[in-house]
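This is model.pdb. It holds PDB, C-alpha atoms.
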```
ATOM      1  CA  GLN A   1       4.505 -12.719 -15.610
ATOM      2  CA  VAL A   2       2.997 -11.075 -12.554
ATOM      3  CA  GLN A   3       3.758  -7.391 -12.124
ATOM      4  CA  LEU A   4       2.793  -4.727  -9.617
ATOM      5  CA  VAL A   5       3.501  -1.206 -10.815
ATOM      6  CA  GLU A   6       3.218   1.750  -8.455
ATOM      7  CA  SER A   7       2.677   5.322  -9.577
ATOM      8  CA  GLY A   8       1.739   8.681  -8.107
ATOM      9  CA  GLY A   9       4.776   9.436  -5.998
ATOM     10  CA  GLY A  10       6.532  12.782  -6.063
ATOM     11  CA  LEU A  11       7.845  15.783  -4.166
ATOM     12  CA  VAL A  12       5.324  17.667  -2.062
ATOM     13  CA  GLN A  13       5.295  20.016   0.896
ATOM     14  CA  ALA A  14       4.243  19.111   4.404
ATOM     15  CA  GLY A  15       0.475  19.200   4.693
ATOM     16  CA  ASP A  16      -0.102  18.280   1.045
ATOM     17  CA  SER A  17      -1.773  15.158  -0.320
ATOM     18  CA  LEU A  18      -0.782  12.431  -2.752
ATOM     19  CA  ARG A  19      -2.589   9.422  -4.160
ATOM     20  CA  LEU A  20      -0.579   6.343  -4.968
ATOM     21  CA  SER A  21      -1.807   3.664  -7.349
ATOM     22  CA  CYS A  22      -0.645   0.095  -7.855
ATOM     23  CA  ALA A  23      -1.701  -1.651 -11.040
ATOM     24  CA  ALA A  24      -1.455  -5.436 -11.057
ATOM     25  CA  SER A  25      -1.079  -7.530 -14.181
ATOM     26  CA  GLY A  26      -0.428 -11.165 -14.976
ATOM     27  CA  ARG A  27      -2.978 -12.469 -12.499
ATOM     28  CA  THR A  28      -5.908 -11.197 -10.516
ATOM     29  CA  PHE A  29      -5.670 -10.488  -6.799
ATOM     30  CA  SER A  30      -9.398  -9.968  -6.283
ATOM     31  CA  SER A  31      -9.467 -12.836  -3.752
ATOM     32  CA  ASN A  32      -6.350 -11.797  -1.880
ATOM     33  CA  ALA A  33      -5.236  -9.238   0.683
ATOM     34  CA  MET A  34      -3.040  -6.400  -0.498
ATOM     35  CA  GLY A  35      -0.949  -3.858   1.316
ATOM     36  CA  TRP A  36       1.379  -0.887   1.265
ATOM     37  CA  PHE A  37       4.800  -0.740   2.871
ATOM     38  CA  ARG A  38       7.497   1.928   2.900
ATOM     39  CA  GLN A  39      11.213   2.197   3.408
ATOM     40  CA  ALA A  40      12.934   5.394   4.459
ATOM     41  CA  PRO A  41      16.663   5.963   3.884
ATOM     42  CA  GLY A  42      18.714   3.928   6.335
ATOM     43  CA  LYS A  43      15.684   2.131   7.749
ATOM     44  CA  GLY A  44      13.981  -1.186   7.233
ATOM     45  CA  ARG A  45      10.783  -1.742   5.337
ATOM     46  CA  GLU A  46       7.747  -0.955   7.476
ATOM     47  CA  PHE A  47       4.053  -1.683   7.233
ATOM     48  CA  VAL A  48       1.768   1.176   6.225
ATOM     49  CA  ALA A  49      -1.672  -0.260   5.451
ATOM     50  CA  ALA A  50      -3.474  -3.425   4.376
ATOM     51  CA  ILE A  51      -6.871  -4.252   2.961
ATOM     52  CA  THR A  52      -8.983  -7.396   2.793
ATOM     53  CA  TRP A  53      -9.788  -9.092  -0.497
ATOM     54  CA  ASN A  54     -13.098  -7.259  -0.897
ATOM     55  CA  GLY A  55     -12.127  -3.964   0.710
ATOM     56  CA  GLY A  56     -14.382  -4.635   3.671
ATOM     57  CA  GLY A  57     -11.596  -4.361   6.186
ATOM     58  CA  THR A  58      -8.537  -2.123   6.506
ATOM     59  CA  ASN A  59      -5.568  -2.000   8.832
ATOM     60  CA  TYR A  60      -3.150   0.891   9.377
ATOM     61  CA  ALA A  61       0.099   1.597  11.105
ATOM     62  CA  ASP A  62      -0.399   3.964  14.028
ATOM     63  CA  SER A  63       1.842   6.539  12.362
ATOM     64  CA  VAL A  64      -0.556   6.977   9.425
ATOM     65  CA  LYS A  65      -3.914   6.255  11.005
ATOM     66  CA  GLY A  66      -6.388   9.059  10.321
ATOM     67  CA  ARG A  67      -4.256  10.490   7.496
ATOM     68  CA  PHE A  68      -3.932   7.642   4.977
ATOM     69  CA  THR A  69      -6.696   5.610   3.341
ATOM     70  CA  ILE A  70      -6.172   2.347   1.506
ATOM     71  CA  SER A  71      -8.698   1.198  -1.082
ATOM     72  CA  ARG A  72      -8.938  -1.121  -4.053
ATOM     73  CA  ASP A  73     -10.813  -1.584  -7.309
ATOM     74  CA  ASN A  74     -10.955  -5.299  -8.014
ATOM     75  CA  ALA A  75     -12.551  -4.743 -11.416
ATOM     76  CA  LYS A  76      -9.396  -2.871 -12.423
ATOM     77  CA  ASN A  77      -6.991  -5.001 -10.354
ATOM     78  CA  THR A  78      -5.703  -1.801  -8.777
ATOM     79  CA  LEU A  79      -4.758  -0.767  -5.250
ATOM     80  CA  PHE A  80      -4.709   2.821  -3.985
ATOM     81  CA  LEU A  81      -3.272   4.782  -1.083
ATOM     82  CA  GLN A  82      -4.660   8.247  -0.433
ATOM     83  CA  MET A  83      -2.194  10.179   1.700
ATOM     84  CA  ASN A  84      -3.352  13.395   3.347
ATOM     85  CA  SER A  85      -1.656  15.779   5.759
ATOM     86  CA  LEU A  86       1.726  14.483   4.715
ATOM     87  CA  LYS A  87       4.632  14.922   7.100
ATOM     88  CA  VAL A  88       8.373  15.084   6.507
ATOM     89  CA  GLU A  89       8.691  11.718   8.251
ATOM     90  CA  ASP A  90       6.472  10.133   5.579
ATOM     91  CA  THR A  91       9.365  10.489   3.130
ATOM     92  CA  ALA A  92      10.174   7.009   1.827
ATOM     93  CA  VAL A  93       9.937   4.639  -1.091
ATOM     94  CA  TYR A  94       6.428   3.176  -1.050
ATOM     95  CA  TYR A  95       5.832  -0.400  -2.170
ATOM     96  CA  CYS A  96       2.599  -2.213  -2.874
ATOM     97  CA  ALA A  97       2.338  -5.893  -2.080
ATOM     98  CA  ALA A  98      -0.083  -8.700  -2.879
ATOM     99  CA  GLY A  99      -0.637 -12.029  -1.217
ATOM    100  CA  THR A 100      -1.760 -15.303  -2.749
ATOM    101  CA  ARG A 101      -3.455 -17.011   0.160
ATOM    102  CA  TYR A 102      -7.015 -16.633   1.324
ATOM    103  CA  ALA A 103      -7.354 -16.818   5.098
ATOM    104  CA  GLY A 104     -10.842 -15.523   5.683
ATOM    105  CA  ASN A 105     -12.821 -12.407   4.994
ATOM    106  CA  TRP A 106     -10.846 -10.374   7.544
ATOM    107  CA  TYR A 107      -7.349 -11.378   6.460
ATOM    108  CA  MET A 108      -5.219  -8.225   6.047
ATOM    109  CA  PRO A 109      -1.745  -8.971   7.353
ATOM    110  CA  SER A 110       0.823  -6.401   8.441
ATOM    111  CA  ALA A 111       3.812  -8.744   8.168
ATOM    112  CA  SER A 112       5.821  -8.375   4.986
ATOM    113  CA  GLY A 113       6.385 -12.125   4.894
ATOM    114  CA  SER A 114       2.672 -12.643   4.302
ATOM    115  CA  TYR A 115       2.947 -11.119   0.835
ATOM    116  CA  ASP A 116       4.273 -12.858  -2.244
ATOM    117  CA  TYR A 117       4.457 -10.159  -4.902
ATOM    118  CA  TRP A 118       5.988  -6.706  -4.653
ATOM    119  CA  GLY A 119       6.174  -3.641  -6.841
ATOM    120  CA  GLN A 120       9.341  -1.765  -7.638
ATOM    121  CA  GLY A 121       8.419   1.180  -5.428
ATOM    122  CA  THR A 122       7.613   4.849  -5.917
ATOM    123  CA  GLN A 123       9.423   7.680  -4.168
ATOM    124  CA  VAL A 124       7.497  10.054  -1.929
ATOM    125  CA  THR A 125       9.412  13.062  -0.660
ATOM    126  CA  VAL A 126       7.830  15.528   1.739
ATOM    127  CA  SER A 127       9.628  18.814   2.330
ATOM    128  CA  SER A 128       9.129  21.142   5.272
TER     129      SER A 128
END
```
Translate this file's structure into structure tokens.
Amino acid sequence: QVQLVESGGGLVQAGDSLRLSCAASGRTFSSNAMGWFRQAPGKGREFVAAITWNGGGTNYADSVKGRFTISRDNAKNTLFLQMNSLKVEDTAVYYCAAGTRYAGNWYMPSASGSYDYWGQGTQVTVSS
């Protein structure tokens, strides 16, 4: 059974940092793109960041560019999201996602439909 389990969420103040982790089990995703999405209360799920299979390429939503960094450790089958300079508007449930297709070295999709496995989410709350 494939599982993605996020951790690292919590309640912080604006300007603080958090590091999210996503541990995958049941299969390896070392050949596949992975990503982070988030969903704020009353809003749809939105793209945050994506990374190529080998970590050589990254893609970010404009709203987090320069503040968030996505990375991965394929040896540990784990995905990370370092979040710095957090803002109140970053408050959301954060989900990690993994794809199963390989579409080239620079494949790092921002569309949620490109991903096949999802974690249960971890809550990030940023207070002012």
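As for atom CA of Met83 of chain A and atom CA of Tyr115 of chain A, they are spaced 21.9 Å apart.
From atom CA of Ala75 of chain A back to atom CA of Gln39 of chain A, the distance works out to 28.9 Å.
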Please, what is the axis-aligned box for every listed atom of segment 84-90 of chain A with 8 Å on each side, as centre and edge lengths in Å to one decimal, as lines of an AutoDock Vina configuration file?
```
center_x = 2.7
center_y = 13.0
center_z = 5.8
size_x = 28.0
size_y = 21.6
size_z = 20.9
```
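Nearest residue to Phe47 of chain A, choosing from A:Ser128, A:Thr100, A:Asn59, A:Ser31 and counting all atoms listed in the file: A:Asn59.
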To one decimal place in Å, what is the distance between atom CA of Leu86 of chain A and atom CA of Val126 of chain A?
6.9 Å
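Remark: for Gln123 of chain A, the closest of the candidate residues A:Asn84, A:Thr52, A:Asn32, A:Ser7 is A:Ser7 (distances computed over only C-alpha atoms).
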Select from segment 33-88 of chain A every residue with an atom at most 9 Å from any atom of segment 20-28 of chain A, then for each give the shortest pair of atoms and their distance in Å to one decimal, using all atoms listed in the file, rows by chain and rising number, as CSV.
```
residue,atom,partner,partner_atom,distance
A:Asn74,CA,A:Thr28,CA,8.2
A:Lys76,CA,A:Ala23,CA,7.9
A:Asn77,CA,A:Ala24,CA,5.6
A:Thr78,CA,A:Ala23,CA,4.6
A:Leu79,CA,A:Cys22,CA,4.9
A:Phe80,CA,A:Ser21,CA,4.5
A:Leu81,CA,A:Leu20,CA,5.0
A:Gln82,CA,A:Leu20,CA,6.4
A:Met83,CA,A:Leu20,CA,7.9
```
Tell me which residues the PyMOL selection byres ((chain A and resi 94) around 9) grabs here, as a list of chain:residue names.
A:Glu6, A:Gly9, A:Leu20, A:Trp36, A:Phe37, A:Arg38, A:Gln39, A:Ala40, A:Val48, A:Thr91, A:Ala92, A:Val93, A:Tyr95, A:Cys96, A:Gly119, A:Gln120, A:Gly121, A:Thr122, A:Gln123, A:Val124
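This file gives the following result for the PyMOL selection byres ((chain A and resi 104-107) around 8): Ala33, Ile51, Thr52, Trp53, Asn54, Gly56, Gly57, Tyr102, Ala103, Met108 and Pro109 of chain A.
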